[in-house]
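Below: my_file_16.cif (mmCIF, C-alpha atoms)
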data_entry
#
loop_
_atom_site.label_atom_id
_atom_site.label_comp_id
_atom_site.auth_asym_id
_atom_site.auth_seq_id
_atom_site.Cartn_x
_atom_site.Cartn_y
_atom_site.Cartn_z
CA MET A 29 -31.83 -44.86 1.36
CA SER A 30 -34.76 -46.25 -0.51
CA THR A 31 -34.40 -46.85 -4.21
CA THR A 32 -38.09 -47.42 -4.89
CA ILE A 33 -39.17 -43.79 -5.15
CA ALA A 34 -40.28 -43.26 -8.72
CA LEU A 35 -42.09 -39.93 -8.63
CA PRO A 36 -41.16 -36.35 -7.77
CA GLY A 37 -43.06 -34.17 -5.27
CA PHE A 38 -44.28 -30.64 -6.02
CA ALA A 39 -42.62 -29.17 -9.12
CA ASP A 40 -42.65 -25.78 -7.38
CA PRO A 41 -42.51 -26.65 -3.67
CA VAL A 42 -43.04 -23.16 -2.23
CA ASP A 43 -45.96 -22.00 -4.40
CA GLU A 44 -47.80 -25.29 -4.48
CA ALA A 45 -47.43 -25.95 -0.75
CA GLN A 46 -48.64 -22.45 0.06
CA ALA A 47 -51.62 -22.76 -2.29
CA THR A 48 -52.53 -26.14 -0.76
CA PHE A 49 -52.15 -24.77 2.75
CA ARG A 50 -54.46 -21.88 1.90
CA ALA A 51 -57.03 -24.34 0.51
CA VAL A 52 -56.91 -26.49 3.68
CA LEU A 53 -57.21 -23.39 5.86
CA ASP A 54 -60.22 -22.16 3.91
CA ALA A 55 -61.81 -25.61 3.85
CA MET A 56 -61.51 -25.81 7.66
CA ALA A 57 -63.01 -22.32 8.05
CA ARG A 58 -65.96 -23.05 5.73
CA PRO A 59 -66.77 -26.74 6.11
CA GLY A 60 -68.11 -28.44 3.02
CA ARG A 61 -66.74 -25.96 0.47
CA LEU A 62 -64.78 -27.74 -2.25
CA HIS A 63 -61.25 -26.70 -3.23
CA ARG A 64 -59.01 -27.88 -6.06
CA VAL A 65 -55.44 -28.81 -5.13
CA GLY A 66 -52.59 -30.87 -6.52
CA GLU A 67 -53.63 -30.51 -10.16
CA ARG A 68 -49.99 -30.48 -11.32
CA LEU A 69 -48.94 -33.36 -9.10
CA THR A 70 -48.47 -36.99 -10.16
CA ALA A 71 -49.42 -38.90 -7.02
CA PRO A 72 -47.98 -42.31 -6.13
CA THR A 73 -50.40 -45.25 -6.15
CA PRO A 74 -52.77 -45.55 -4.35
CA LEU A 75 -53.01 -41.86 -3.42
CA ASP A 76 -55.00 -39.23 -5.32
CA PRO A 77 -53.31 -35.91 -6.16
CA ALA A 78 -55.31 -34.03 -3.51
CA THR A 79 -54.30 -36.50 -0.79
CA ALA A 80 -50.66 -36.37 -1.83
CA ALA A 81 -50.67 -32.55 -2.00
CA VAL A 82 -52.13 -32.26 1.51
CA LEU A 83 -49.50 -34.65 2.86
CA LEU A 84 -46.61 -32.83 1.15
CA THR A 85 -47.90 -29.59 2.65
CA LEU A 86 -48.65 -30.62 6.23
CA VAL A 87 -46.48 -33.60 7.12
CA ASP A 88 -42.82 -33.39 8.13
CA ASN A 89 -40.38 -35.09 10.46
CA GLU A 90 -42.10 -33.65 13.55
CA THR A 91 -45.57 -35.03 12.84
CA PRO A 92 -45.99 -38.77 13.40
CA LEU A 93 -47.90 -40.21 10.45
CA TRP A 94 -50.04 -43.35 10.40
CA LEU A 95 -51.06 -45.05 7.16
CA ASP A 96 -53.88 -47.57 6.92
CA ALA A 97 -53.11 -50.86 5.20
CA ALA A 98 -54.39 -49.70 1.81
CA ALA A 99 -52.28 -46.51 1.86
CA ALA A 100 -49.08 -48.30 2.89
CA ALA A 101 -47.91 -48.65 -0.73
CA ALA A 102 -47.09 -44.93 -0.74
CA ARG A 103 -44.85 -45.32 2.29
CA ASP A 104 -41.48 -44.85 0.58
CA TRP A 105 -42.65 -41.81 -1.35
CA LEU A 106 -43.95 -40.18 1.84
CA ALA A 107 -40.84 -41.05 3.82
CA PHE A 108 -38.66 -39.45 1.15
CA HIS A 109 -40.61 -36.33 0.22
CA CYS A 110 -42.08 -35.47 3.62
CA GLY A 111 -39.29 -36.90 5.78
CA ALA A 112 -42.26 -38.32 7.65
CA MET A 113 -41.99 -40.31 10.84
CA ILE A 114 -44.27 -43.25 9.94
CA ILE A 115 -45.64 -45.10 12.94
CA GLY A 116 -47.30 -48.48 13.23
CA ALA A 117 -50.29 -47.64 15.45
CA PRO A 118 -52.88 -44.89 14.91
CA HIS A 119 -52.94 -43.80 18.53
CA GLY A 120 -49.92 -41.48 18.60
CA ALA A 121 -50.34 -40.07 15.09
CA ALA A 122 -50.63 -36.34 14.38
CA PHE A 123 -51.84 -37.18 10.89
CA ALA A 124 -53.54 -40.34 9.66
CA VAL A 125 -54.06 -41.32 6.04
CA ALA A 126 -56.84 -43.76 5.21
CA LEU A 127 -58.57 -44.99 2.08
CA SER A 128 -61.54 -46.24 4.11
CA LEU A 129 -62.99 -44.79 7.30
CA PRO A 130 -60.96 -46.06 10.28
CA ASP A 131 -62.20 -46.28 13.85
CA LEU A 132 -62.22 -42.61 14.91
CA ASP A 133 -61.88 -43.64 18.57
CA ALA A 134 -58.47 -45.16 17.81
CA LEU A 135 -57.11 -41.74 16.80
CA SER A 136 -55.96 -39.21 19.34
CA ALA A 137 -58.76 -36.77 20.27
CA GLY A 138 -56.44 -34.50 22.25
CA THR A 139 -56.95 -33.45 25.86
CA HIS A 140 -59.03 -30.72 27.46
CA GLU A 141 -55.81 -28.86 28.27
CA ALA A 142 -54.45 -29.24 24.71
CA PRO A 143 -57.29 -30.02 22.30
CA GLU A 144 -55.04 -28.93 19.39
CA SER A 145 -52.89 -32.03 19.96
CA SER A 146 -55.56 -34.25 18.40
CA ALA A 147 -55.07 -36.13 15.14
CA THR A 148 -56.13 -34.95 11.69
CA LEU A 149 -57.49 -37.69 9.46
CA ILE A 150 -56.84 -37.36 5.74
CA LEU A 151 -59.52 -39.58 4.27
CA GLN A 152 -59.47 -40.38 0.58
CA ILE A 153 -62.90 -41.22 -0.82
CA THR A 154 -64.31 -42.02 -4.26
CA ALA A 155 -65.78 -38.64 -5.18
CA LEU A 156 -66.74 -35.23 -3.81
CA GLY A 157 -69.58 -33.22 -5.32
CA THR A 158 -71.61 -36.29 -6.23
CA GLY A 159 -73.15 -39.12 -4.21
CA VAL A 160 -74.82 -39.12 -0.81
CA GLY A 161 -75.93 -35.74 0.52
CA TYR A 162 -74.93 -34.51 3.98
CA ARG A 163 -76.17 -31.35 5.69
CA LEU A 164 -73.45 -29.57 7.65
CA SER A 165 -74.05 -26.94 10.30
CA GLY A 166 -71.89 -25.20 12.86
CA PRO A 167 -69.23 -22.49 13.13
CA GLY A 168 -68.29 -20.94 9.78
CA LEU A 169 -71.69 -21.71 8.26
CA ARG A 170 -74.39 -19.03 8.48
CA GLU A 171 -76.80 -21.38 6.68
CA PRO A 172 -76.40 -25.15 6.77
CA ALA A 173 -74.22 -26.27 3.87
CA MET A 174 -74.80 -29.26 1.62
CA LEU A 175 -71.97 -31.65 0.93
CA LYS A 176 -72.22 -34.50 -1.56
CA ALA A 177 -69.69 -37.27 -1.07
CA ASP A 178 -69.34 -40.76 -2.47
CA GLY A 179 -67.41 -43.39 -0.53
CA LEU A 180 -68.27 -42.71 3.10
CA PRO A 181 -69.65 -45.81 4.87
CA ALA A 182 -73.24 -46.09 6.11
CA GLY A 183 -72.33 -45.61 9.78
CA PHE A 184 -70.28 -42.46 9.15
CA VAL A 185 -72.79 -39.92 10.47
CA ALA A 186 -73.24 -41.79 13.78
CA ASP A 187 -69.44 -42.13 14.18
CA TRP A 188 -68.99 -38.46 13.35
CA GLN A 189 -71.65 -37.25 15.79
CA ARG A 190 -69.91 -39.15 18.60
CA ASN A 191 -66.65 -37.42 17.60
CA HIS A 192 -68.45 -34.04 17.36
CA ALA A 193 -69.87 -34.53 20.88
CA LEU A 194 -66.32 -34.62 22.30
CA TYR A 195 -65.80 -30.92 21.38
CA PRO A 196 -63.41 -29.17 22.12
CA ARG A 197 -61.65 -32.52 21.82
CA GLY A 198 -62.07 -34.63 18.70
CA VAL A 199 -60.60 -35.53 15.33
CA ASP A 200 -60.69 -33.26 12.25
CA ILE A 201 -61.12 -34.80 8.81
CA ILE A 202 -59.81 -33.59 5.46
CA LEU A 203 -61.76 -35.39 2.71
CA CYS A 204 -59.88 -35.84 -0.57
CA ALA A 205 -61.00 -37.25 -3.91
CA GLY A 206 -59.13 -36.76 -7.18
CA THR A 207 -57.95 -33.15 -7.13
CA VAL A 208 -60.72 -31.94 -4.80
CA LEU A 209 -60.67 -31.55 -1.05
CA THR A 210 -62.96 -30.35 1.69
CA ALA A 211 -62.70 -30.40 5.44
CA LEU A 212 -64.88 -31.48 8.35
CA PRO A 213 -63.59 -29.78 11.50
CA ARG A 214 -64.72 -31.34 14.79
CA SER A 215 -67.03 -28.35 15.41
CA VAL A 216 -69.34 -29.23 12.52
CA SER A 217 -72.53 -31.22 13.01
CA ILE A 218 -73.56 -33.60 10.20
CA GLU A 219 -76.96 -35.04 9.19
CA GLU A 220 -77.57 -37.36 6.28
CA VAL A 221 -80.26 -36.15 3.85
CA MET B 12 -11.78 -37.22 3.82
CA PRO B 13 -12.90 -39.85 1.34
CA ASP B 14 -9.70 -41.87 1.64
CA ALA B 15 -9.92 -42.13 5.42
CA LEU B 16 -13.07 -44.29 5.50
CA PRO B 17 -12.74 -47.74 7.00
CA PRO B 18 -12.74 -50.21 4.07
CA ASP B 19 -14.99 -52.72 5.83
CA GLN B 20 -17.95 -50.29 5.92
CA PRO B 21 -20.97 -51.32 3.88
CA ASN B 22 -21.35 -48.93 0.95
CA ALA B 23 -17.78 -47.74 1.49
CA ALA B 24 -17.33 -47.56 -2.29
CA ARG B 25 -20.46 -45.49 -2.72
CA ARG B 26 -19.53 -43.18 0.15
CA ARG B 27 -16.17 -42.62 -1.47
CA TRP B 28 -17.55 -41.75 -4.91
CA MET B 29 -20.25 -39.51 -3.40
CA ALA B 30 -17.56 -37.65 -1.46
CA VAL B 31 -15.43 -37.25 -4.59
CA LEU B 32 -18.46 -36.06 -6.61
CA ALA B 33 -19.45 -33.56 -3.91
CA ARG B 34 -16.01 -31.91 -4.11
CA ALA B 35 -15.72 -32.12 -7.89
CA ASP B 36 -15.18 -29.19 -10.19
CA ILE B 37 -18.38 -28.76 -12.20
CA ASP B 38 -16.71 -28.34 -15.59
CA GLU B 39 -14.34 -31.27 -15.09
CA LEU B 40 -17.21 -33.51 -13.95
CA GLY B 41 -19.34 -32.44 -16.92
CA ASP B 42 -16.53 -33.11 -19.39
CA ARG B 43 -15.71 -36.51 -17.94
CA LEU B 44 -19.34 -37.72 -17.83
CA GLY B 45 -19.86 -36.78 -21.48
CA ALA B 46 -23.32 -37.36 -22.94
CA LEU B 47 -25.99 -37.70 -20.25
CA PRO B 48 -28.69 -40.38 -20.38
CA PRO B 49 -32.36 -39.44 -19.92
CA TYR B 50 -33.34 -38.91 -16.28
CA ARG B 51 -35.94 -37.25 -14.09
CA VAL B 52 -35.39 -34.99 -11.11
CA LEU B 53 -37.21 -36.31 -8.02
CA ARG B 54 -36.27 -33.52 -5.63
CA GLY B 55 -34.46 -30.23 -5.88
CA PRO B 56 -31.84 -29.10 -6.52
CA GLU B 57 -32.62 -27.07 -3.40
CA ALA B 58 -30.40 -25.19 -0.96
CA GLY B 59 -30.69 -25.49 2.79
CA LEU B 60 -28.69 -25.35 5.98
CA VAL B 61 -27.03 -28.18 7.86
CA MET B 62 -25.57 -27.90 11.34
CA VAL B 63 -21.88 -28.75 11.38
CA ARG B 64 -20.89 -30.38 14.65
CA GLY B 65 -17.42 -30.66 16.08
CA ARG B 66 -15.89 -32.38 19.07
CA THR B 67 -14.22 -30.59 21.93
CA GLY B 68 -10.79 -31.73 23.01
CA GLY B 69 -10.35 -34.05 25.97
CA GLY B 70 -13.85 -35.35 26.65
CA GLY B 71 -14.87 -35.29 23.01
CA ALA B 72 -18.33 -33.92 23.71
CA PRO B 73 -20.06 -32.72 20.52
CA PHE B 74 -20.79 -29.03 20.05
CA ASN B 75 -22.47 -27.07 17.26
CA LEU B 76 -19.80 -25.34 15.22
CA GLY B 77 -22.25 -23.47 12.98
CA GLU B 78 -24.59 -23.85 10.05
CA MET B 79 -23.41 -24.20 6.49
CA THR B 80 -25.25 -23.89 3.20
CA THR B 81 -25.67 -27.12 1.28
CA THR B 82 -27.52 -27.99 -1.87
CA ARG B 83 -29.16 -31.36 -2.34
CA CYS B 84 -30.66 -33.12 -5.31
CA THR B 85 -32.14 -36.52 -6.09
CA VAL B 86 -32.59 -37.89 -9.60
CA ARG B 87 -33.85 -41.12 -11.12
CA THR B 88 -32.51 -42.44 -14.39
CA ASP B 89 -34.94 -43.98 -16.86
CA THR B 90 -33.25 -47.30 -16.09
CA GLY B 91 -34.50 -47.04 -12.49
CA PHE B 92 -31.43 -46.04 -10.47
CA VAL B 93 -31.93 -43.31 -7.86
CA GLY B 94 -28.96 -41.07 -7.12
CA HIS B 95 -28.52 -38.53 -4.34
CA ALA B 96 -26.08 -35.67 -3.86
CA TYR B 97 -25.39 -33.19 -1.09
CA VAL B 98 -22.81 -30.54 -1.97
CA ALA B 99 -21.46 -27.60 -0.02
CA GLY B 100 -22.59 -24.16 -1.12
CA ARG B 101 -25.22 -23.20 -3.65
CA ASN B 102 -23.97 -24.95 -6.76
CA GLU B 103 -27.25 -26.39 -8.06
CA ARG B 104 -25.80 -27.61 -11.34
CA LEU B 105 -23.11 -29.54 -9.49
CA ALA B 106 -25.67 -31.09 -7.13
CA GLN B 107 -27.78 -32.29 -10.05
CA LEU B 108 -24.84 -33.62 -12.02
CA ALA B 109 -23.38 -35.34 -8.94
CA ALA B 110 -26.74 -36.97 -8.20
CA LEU B 111 -26.94 -38.24 -11.77
CA ALA B 112 -23.38 -39.58 -11.55
CA ASP B 113 -24.30 -41.35 -8.29
CA ALA B 114 -27.27 -42.98 -10.02
CA LEU B 115 -25.15 -44.09 -13.00
CA LEU B 116 -22.43 -45.48 -10.73
CA GLN B 117 -24.96 -47.82 -9.12
CA ASP B 118 -25.56 -49.47 -12.47
CA PRO B 119 -23.27 -52.54 -12.40
CA ILE B 120 -22.82 -52.38 -16.19
CA GLN B 121 -21.34 -48.89 -16.11
CA GLN B 122 -19.76 -48.83 -12.69
CA ASP B 123 -16.22 -49.95 -13.52
CA ARG B 124 -15.93 -47.70 -16.55
CA LEU B 125 -17.20 -44.66 -14.63
CA LEU B 126 -14.98 -45.32 -11.62
CA GLU B 127 -11.99 -45.43 -13.93
CA ASP B 128 -12.91 -42.54 -16.25
CA VAL B 129 -14.63 -40.16 -13.82
CA ILE B 130 -14.04 -40.86 -10.15
CA GLU B 131 -10.34 -41.73 -10.14
CA PRO B 132 -9.23 -38.68 -12.18
CA LEU B 133 -11.43 -36.41 -10.05
CA ALA B 134 -10.02 -37.92 -6.87
CA ALA B 135 -6.48 -37.41 -8.21
CA THR B 136 -7.20 -33.74 -8.97
CA GLN B 137 -8.60 -33.23 -5.47
CA GLN B 138 -5.68 -35.02 -3.86
CA ALA B 139 -3.22 -32.86 -5.83
CA ARG B 140 -5.07 -29.73 -4.66
CA ARG B 141 -4.91 -30.89 -1.04
CA ASP B 142 -1.20 -31.72 -1.37
CA THR B 143 -0.46 -28.25 -2.75
CA VAL B 144 -2.24 -26.59 0.16
CA ALA B 145 -0.56 -28.92 2.65
CA ALA B 146 2.88 -28.19 1.14
CA LYS B 147 2.31 -24.43 1.35
CA ALA B 148 1.17 -24.77 4.95
CA ALA B 149 4.07 -27.07 5.84
CA ALA B 150 6.56 -24.46 4.62
CA THR B 151 5.34 -22.02 7.25
CA ARG B 152 5.38 -24.49 10.14
CA VAL B 153 6.94 -23.27 13.36
CA GLN B 154 8.99 -25.88 15.17
CA PHE B 155 7.84 -25.41 18.75
CA PHE B 156 10.06 -28.18 20.05
CA ALA B 157 13.07 -25.97 19.20
CA MET B 158 11.87 -23.35 21.66
CA ARG B 159 11.34 -25.97 24.34
CA ASN B 160 14.87 -27.25 23.75
CA MET B 161 16.27 -23.74 24.00
CA ARG B 162 14.82 -23.32 27.48
CA SER B 163 16.26 -26.55 28.86
#
Output the file's structure as structure tokens, nothing else.
Amino acid sequence: MSTTIALPGFADPVDEAQATFRAVLDAMARPGRLHRVGERLTAPTPLDPATAAVLLTLVDNETPLWLDAAAAAARDWLAFHCGAMIIGAPHGAAFAVALSLPDLDALSAGTHEAPESSATLILQITALGTGVGYRLSGPGLREPAMLKADGLPAGFVADWQRNHALYPRGVDIILCAGTVLTALPRSVSIEEV
Amino acid sequence: MPDALPPDQPNAARRRWMAVLARADIDELGDRLGALPPYRVLRGPEAGLVMVRGRTGGGGAPFNLGEMTTTRCTVRTDTGFVGHAYVAGRNERLAQLAALADALLQDPIQQDRLLEDVIEPLAATQQARRDTVAAKAAATRVQFFAMRNMRS
């Protein structure tokens, strides 16, 4: 067993995991809406509390997890608290954690028979609520919603629209920054404004 | 049984003290550890179920005997040692104390003293308890070979 784990997980595992799950569910249903999670959590470097809370809630020993090179420092903490099966290549991952946008094509987009088997990308960015504006439209949004995010690369919208075009296949993204999260389900269409 | 482990196993010493701690009496363990150093709980103590597996006779194929309640806990001392404990039942205080004792026993400075003052007396108590039960059971043993001899 690893002896390098220095930080605990949720202080109250049931309540905090349920609250985080509810936030993720609501974020997926109403893309672009911001939710606060993980405010009581001390996250391991380099993860933010929101990222760590989402991982503690969703990842377990049945969901292969891929970490990008920058997130790999949190490996021991994730292996211990989530019991996560950490894999070396993004292709087979059910969840992927990245601190910078990875190649979305490398992640599993699911199949037409089982589109739910696609990967969910948990992308940690600099800030949500400030920065570049994006207009979101699609299911769950009666009017297009505005999302401000800081830390997404210049080619993100083009990458995303290619992913969106795969619908019902495609990758879902949970954006995390600090203690804030929002979600971009594959059904949402994004324009930069 | 803690004493039945092969001695050449890596971590055999730690496996032995973890087994002794898991079976310890909470009050005796508390008394023997004395004053506790500062530490932080990393996980639990939390109760859950583990599947106990047995082996059938002859072929030795594994089968699921049933689930049992266990409580686990992980702590980290301020000196950086991480200790784990898994104990049978729902004794959360014992799980936490056993995890702390496991962490302290990994500290080379304290290990010899703790083995002598905590683990050995606890192991002796447990062995005495097992011997008592074994003696009571032995007194009721039926000597089946006598019946076989009677028939021949």
Worksheet item: So what does the PyMOL selection byres ((chain B) within 8 of (chain A)) actually pick up in this one, as a ChimeraX atom specification?
Response: /B:52-54,87,91-93
Discussion item. Calculated over all atoms listed in the file, which of the candidates A:Ser217, A:Gln189, A:Thr154, A:Thr139 has the smallest distance to Met174 of chain A?
Written reply: A:Ser217
Worksheet entry | Minimum-distance residue to Asp200 of chain A, chosen among A:Pro74, A:Pro118, A:Gly157, A:Pro143 (using all atoms listed in the file) |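 Ranking A:Pro74, A:Pro118, A:Gly157, A:Pro143 by distance to Asp200 of chain A, first place goes to A:Pro143.
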Practice prompt. Could you give me, as a PyMOL selection string, the residues within 9 Å of Pro196 of chain A, counting only C-alpha atoms and dropping anything in the same chain fewer than 2 positions from it?
Written response: chain A and resi 138-140+143-144+192-194+198+214-215
Worksheet entry | Given the PyMOL selection byres ((chain A and resi 87) around 10), the residues it picks as a ChimeraX atom specification | /A:82-86,88-93,106-107,109-113,122-123
Response to the item:
In Å and to one decimal, atom CA of Arg58 of chain A is distant from atom CA of Leu169 of chain A by 6.4 Å
Worksheet entry | Closest of B:Gly69, B:Gly100, B:Pro119, B:Gly77 to Arg34 of chain B - atom-to-atom distances counting all atoms listed in the file |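 Closest residue, counting all atoms listed in the file: B:Gly100.
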Worksheet item: Taking into account all atoms listed in the file, which residue in the set B:Gly65, B:Pro56, B:Pro49, B:Pro73 is nearest to Ala110 of chain B?
Response: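 Nearest candidate to Ala110 of chain B out of B:Gly65, B:Pro56, B:Pro49, B:Pro73: B:Pro56.
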Can you complete the atoms of segment 113-145 of chain A to N, CA and C atoms and list them as a CSV table (one decimal), in the frame of the given file?
chain,number,residue,atom,x,y,z
A,113,MET,N,-42.2,-39.3,9.8
A,113,MET,CA,-42.0,-40.3,10.8
A,113,MET,C,-43.2,-41.2,10.8
A,114,ILE,N,-43.1,-42.4,10.1
A,114,ILE,CA,-44.3,-43.2,9.9
A,114,ILE,C,-44.3,-44.2,11.1
A,115,ILE,N,-45.5,-44.3,11.8
A,115,ILE,CA,-45.6,-45.1,12.9
A,115,ILE,C,-46.6,-46.2,12.7
A,116,GLY,N,-46.5,-47.3,13.5
A,116,GLY,CA,-47.3,-48.5,13.2
A,116,GLY,C,-48.7,-48.5,13.8
A,117,ALA,N,-49.0,-47.6,14.8
A,117,ALA,CA,-50.3,-47.6,15.4
A,117,ALA,C,-50.9,-46.3,15.3
A,118,PRO,N,-52.2,-46.2,15.1
A,118,PRO,CA,-52.9,-44.9,14.9
A,118,PRO,C,-52.9,-44.0,16.1
A,119,HIS,N,-52.7,-44.6,17.3
A,119,HIS,CA,-52.9,-43.8,18.5
A,119,HIS,C,-52.1,-42.5,18.7
A,120,GLY,N,-50.8,-42.6,18.4
A,120,GLY,CA,-49.9,-41.5,18.6
A,120,GLY,C,-49.8,-40.6,17.4
A,121,ALA,N,-50.6,-40.8,16.3
A,121,ALA,CA,-50.3,-40.1,15.1
A,121,ALA,C,-50.9,-38.6,15.2
A,122,ALA,N,-50.1,-37.7,14.6
A,122,ALA,CA,-50.6,-36.3,14.4
A,122,ALA,C,-51.5,-36.3,13.1
A,123,PHE,N,-51.1,-37.1,12.1
A,123,PHE,CA,-51.8,-37.2,10.9
A,123,PHE,C,-52.1,-38.7,10.6
A,124,ALA,N,-53.2,-39.0,10.1
A,124,ALA,CA,-53.5,-40.3,9.7
A,124,ALA,C,-54.1,-40.3,8.2
A,125,VAL,N,-53.6,-41.2,7.4
A,125,VAL,CA,-54.1,-41.3,6.0
A,125,VAL,C,-54.8,-42.6,5.9
A,126,ALA,N,-56.0,-42.6,5.4
A,126,ALA,CA,-56.8,-43.8,5.2
A,126,ALA,C,-57.6,-43.7,3.9
A,127,LEU,N,-57.8,-44.9,3.3
A,127,LEU,CA,-58.6,-45.0,2.1
A,127,LEU,C,-60.0,-45.5,2.4
A,128,SER,N,-60.2,-45.9,3.7
A,128,SER,CA,-61.5,-46.2,4.1
A,128,SER,C,-61.6,-45.8,5.6
A,129,LEU,N,-62.8,-45.4,6.0
A,129,LEU,CA,-63.0,-44.8,7.3
A,129,LEU,C,-62.5,-45.7,8.4
A,130,PRO,N,-61.4,-45.3,9.2
A,130,PRO,CA,-61.0,-46.1,10.3
A,130,PRO,C,-61.8,-45.8,11.5
A,131,ASP,N,-61.5,-46.5,12.6
A,131,ASP,CA,-62.2,-46.3,13.8
A,131,ASP,C,-61.7,-44.9,14.4
A,132,LEU,N,-62.6,-43.9,14.5
A,132,LEU,CA,-62.2,-42.6,14.9
A,132,LEU,C,-61.8,-42.6,16.4
A,133,ASP,N,-62.3,-43.6,17.2
A,133,ASP,CA,-61.9,-43.6,18.6
A,133,ASP,C,-60.4,-44.1,18.7
A,134,ALA,N,-59.9,-44.7,17.7
A,134,ALA,CA,-58.5,-45.2,17.8
A,134,ALA,C,-57.5,-44.0,17.6
A,135,LEU,N,-58.0,-42.9,17.0
A,135,LEU,CA,-57.1,-41.7,16.8
A,135,LEU,C,-57.1,-40.8,18.0
A,136,SER,N,-56.1,-40.1,18.2
A,136,SER,CA,-56.0,-39.2,19.3
A,136,SER,C,-57.0,-38.1,19.2
A,137,ALA,N,-57.8,-37.9,20.3
A,137,ALA,CA,-58.8,-36.8,20.3
A,137,ALA,C,-58.2,-35.6,21.0
A,138,GLY,N,-57.0,-35.6,21.5
A,138,GLY,CA,-56.4,-34.5,22.2
A,138,GLY,C,-56.9,-34.5,23.7
A,139,THR,N,-56.5,-33.5,24.5
A,139,THR,CA,-57.0,-33.4,25.9
A,139,THR,C,-57.7,-32.1,26.1
A,140,HIS,N,-58.4,-32.0,27.2
A,140,HIS,CA,-59.0,-30.7,27.5
A,140,HIS,C,-58.0,-29.6,27.6
A,141,GLU,N,-56.8,-29.9,28.1
A,141,GLU,CA,-55.8,-28.9,28.3
A,141,GLU,C,-55.2,-28.5,26.9
A,142,ALA,N,-55.1,-29.5,26.0
A,142,ALA,CA,-54.4,-29.2,24.7
A,142,ALA,C,-55.3,-29.9,23.6
A,143,PRO,N,-56.5,-29.4,23.3
A,143,PRO,CA,-57.3,-30.0,22.3
A,143,PRO,C,-56.7,-30.0,20.9
A,144,GLU,N,-55.7,-29.0,20.7
A,144,GLU,CA,-55.0,-28.9,19.4
A,144,GLU,C,-54.1,-30.1,19.1
A,145,SER,N,-53.8,-30.9,20.2
A,145,SER,CA,-52.9,-32.0,20.0
A,145,SER,C,-53.6,-33.3,19.4
